[in-house]
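Report on one structure; see the data block that follows.
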Amino acid sequence: MEEEEIEQGAFGGQRGAERSRGGSGGGAGHAGATSPGKAAVNGAGLPPPPAELRPKLVFHTQLAHGSPTGRIEGFTNVKELYGKIAEAFNISAPEIMFCTLNTHKIDMDKLLGGQIGLEDFIFAHIKGIKKEVEIHKSEDALGLTITDNGAGYAFIKRIKEGSVVDAVKVISVGDHIECVNGKNVVGIRHYEVAKMLKELPRNKMFTLKLVEPMKAFEMLEPRSKGGKPTDSKIGTGRATLRLRSKGPATVEDEPSEFEEKAVNKVDDLLESYMGIRDTELAATMVEVGRDKKNPDEFAMALDETLGDFAFPDEFVFDVWGAIGDAKMGRF
């Protein structure tokens, strides 16, 4: 099959996604399920075109620690993407921890979220060394920001300088949190893991089981703290493939200035209130709020779309304000 073809290549081959011309595409063409333009949050709207008329998107990928170049297509969400990468390199999908775009380094500013630029090159980071760490919780805040990979793995996106965790040098950005005090947290959403860590008693010891990403020899370097959030664009091409947990993937125009600023601000609020960063979640919240007329209407729509999160009222009000500020160009 085409998506399983492997060809020799080095790190950073910037060939990105190819649109194949002609050919039926069959089931492999459903990665770009709708035509460019914005779709409803829940994937509703016009039905997708027949499979033979859908654009056939082919992305290039490598394993971040080093591999030949693989070609993948036919995915509509992150789990399916990991499955396609696993097929291309003959590994199991659960070995994939997360992906970065256009760099093989563990760069949290290049983390694959809910959108992939059509020219982006995908690097998959797979499981490496396991480690177990005992930590004394000397302060209420550990100094961790947590995100997840869209397939059940919570991992460390940022470490605050001078924090409790910063003093434990064996813990690094990119580490997957597998267990907290013996409780397996694989499959638990990042916000639940963050809450669990926050609720650990102060002045007590606790244990983390972690898995770090496999590193190539040239990637063995001093620990990064993940840096500060940047206003980098989501995707690098003129259009992006938007992956959704519900509904089909859609090919959309590059995010507008309003969307970029609003998503970045909402992501900051997620970190401030919940200790997580999640651009896909932030983008969904901005989409929900962009056409709402008041905070009550926004809160009701948010409950409908993302009710599982049980966001506090103060947070929802601040998100509404951030969306309004972005619309008015106040950032």
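By order in the structure tokens, chains are A, B, ...; within a chain, residues start at 1; ligands start at 1, following the order shown.
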If we count only C-alpha atoms, what is near Phe98 of chain A at a cut-off of 7 Å, once residues fewer than 3 positions away on the same chain are taken out, given as a list in words?
Ala124, His125 and Asn149 of chain A
Those residues with C-alpha atoms, as a compact mmCIF listing (two decimals), in the first residue's frame please?
```txt
# COMPACT_ATOMS: atom_id res chain seq x y z
CA ALA A 124 7.02 10.69 15.77
CA HIS A 125 8.64 10.38 19.21
CA ASN A 149 -1.12 13.24 22.95
```
Taking the DSSP assignment computed from this structure's backbone, write out as a PyMOL selection string all residues of segment 109-311 of chain A that belong to strand (DSSP E).
chain A and resi 115-117+122-136+144-148+154-159+176-180+183-184+205-213+239-242+250-253
Between A:Leu63, A:Ala299, A:Ile188, A:Leu281, which has the minimum distance to Ile122 of chain A (counting only C-alpha atoms)?
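Answer, going by the shortest atom-to-atom distance: A:Leu63.
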Tell me which protein, DNA and RNA residues are within 10 Å of Ser163 of chain A, counting only C-alpha atoms, leaving out same-chain ones fewer than 2 positions away, and put them as a VMD selection string.
chain A and resid 138 to 139 141 to 144 159 to 161 165 to 168
Find the residues around Gly150 of chain A up to 7 Å (only C-alpha atoms counted), leave out those fewer than 2 positions away in its own chain, and share them as a PyMOL selection string.
chain A and resi 78-79+148+152
Mind checking which residues fall within 10 Å of Lys198 of chain A, counting only C-alpha atoms, ignoring those fewer than 3 positions away in the same chain, and posting them as a list of chain:residue names?
A:Lys137, A:Asp140, A:Ala141, A:Leu142, A:Leu144, A:Glu192, A:Val193, A:Ala194, A:Lys195, A:Pro201, A:Arg202, A:Met274, A:Gly275
Selection file, N, CA and C atoms, as an mmCIF file, in the first residue's frame:
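Result saved to part_14.cif:
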```
data_model
loop_
_atom_site.group_PDB
_atom_site.id
_atom_site.type_symbol
_atom_site.label_atom_id
_atom_site.label_comp_id
_atom_site.auth_asym_id
_atom_site.auth_seq_id
_atom_site.Cartn_x
_atom_site.Cartn_y
_atom_site.Cartn_z
ATOM 1 N N LYS A 137 6.973 16.868 48.035
ATOM 2 C CA LYS A 137 6.130 17.996 47.652
ATOM 3 C C LYS A 137 6.246 19.085 48.722
ATOM 4 N N ASP A 140 2.769 23.775 47.366
ATOM 5 C CA ASP A 140 1.475 23.360 46.798
ATOM 6 C C ASP A 140 1.581 23.115 45.299
ATOM 7 N N ALA A 141 2.323 23.988 44.600
ATOM 8 C CA ALA A 141 2.469 23.869 43.140
ATOM 9 C C ALA A 141 3.772 23.156 42.808
ATOM 10 N N LEU A 142 3.685 22.154 41.930
ATOM 11 C CA LEU A 142 4.877 21.400 41.538
ATOM 12 C C LEU A 142 5.666 22.099 40.428
ATOM 13 N N LEU A 144 4.649 22.039 37.131
ATOM 14 C CA LEU A 144 4.483 21.266 35.894
ATOM 15 C C LEU A 144 3.321 21.807 35.069
ATOM 16 N N GLU A 192 -7.223 15.667 34.359
ATOM 17 C CA GLU A 192 -7.423 14.815 35.538
ATOM 18 C C GLU A 192 -6.081 14.491 36.203
ATOM 19 N N VAL A 193 -5.055 14.253 35.379
ATOM 20 C CA VAL A 193 -3.717 13.989 35.929
ATOM 21 C C VAL A 193 -3.199 15.225 36.659
ATOM 22 N N ALA A 194 -3.399 16.414 36.052
ATOM 23 C CA ALA A 194 -2.972 17.663 36.684
ATOM 24 C C ALA A 194 -3.684 17.858 38.023
ATOM 25 N N LYS A 195 -4.976 17.543 38.070
ATOM 26 C CA LYS A 195 -5.752 17.670 39.310
ATOM 27 C C LYS A 195 -5.241 16.704 40.369
ATOM 28 N N PRO A 201 -0.884 15.599 48.991
ATOM 29 C CA PRO A 201 -0.646 16.375 50.226
ATOM 30 C C PRO A 201 0.743 17.021 50.258
ATOM 31 N N ARG A 202 0.776 18.234 50.778
ATOM 32 C CA ARG A 202 2.038 18.965 50.905
ATOM 33 C C ARG A 202 2.910 18.340 51.999
ATOM 34 N N MET A 274 -5.878 25.365 35.003
ATOM 35 C CA MET A 274 -5.944 23.908 35.077
ATOM 36 C C MET A 274 -4.593 23.215 35.003
ATOM 37 N N GLY A 275 -3.519 23.971 34.760
ATOM 38 C CA GLY A 275 -2.199 23.354 34.687
ATOM 39 C C GLY A 275 -1.977 22.528 33.442
#
```
Within 8 Å of Leu112 of chain A, counting only C-alpha atoms, which residues qualify if same-chain residues fewer than 5 places away don't, as a ChimeraX atom specification?
/A:98-101
Shell of 6 Å around segment 102-104 of chain A, only C-alpha atoms, local chain residues under 4 positions omitted, as number ranges by chain:
A: 64, 121, 123
With only C-alpha atoms counted and 12 Å as the cut-off, give the residues of segment 78-191 of chain A in contact with segment 301-312 of chain A, each with its shortest interatomic distance in Å and the pair that gives it, as a tab-separated table.
```
residue	atom	partner	partner_atom	distance
A:Arg189	CA	A:Phe309	CA	9.8
A:His190	CA	A:Phe309	CA	10.8
A:Tyr191	CA	A:Phe309	CA	8.2
```
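Atom CA of Glu119 of chain A lies 27.0 Å from atom CA of Arg158 of chain A.
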Among the residues A:Glu80, A:Asp120, A:Asp291, A:Lys131, the one that comes closest to Pro94 of chain A [using only C-alpha atoms]:
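Smallest distance to Pro94 of chain A is found for A:Glu80.
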So, with only C-alpha atoms as the atoms that count, which of A:Ile106, A:His65, A:His176, A:Leu57 lies closest to Leu118 of chain A?
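Of the candidates, the smallest distance to Leu118 of chain A is held by A:Leu57.
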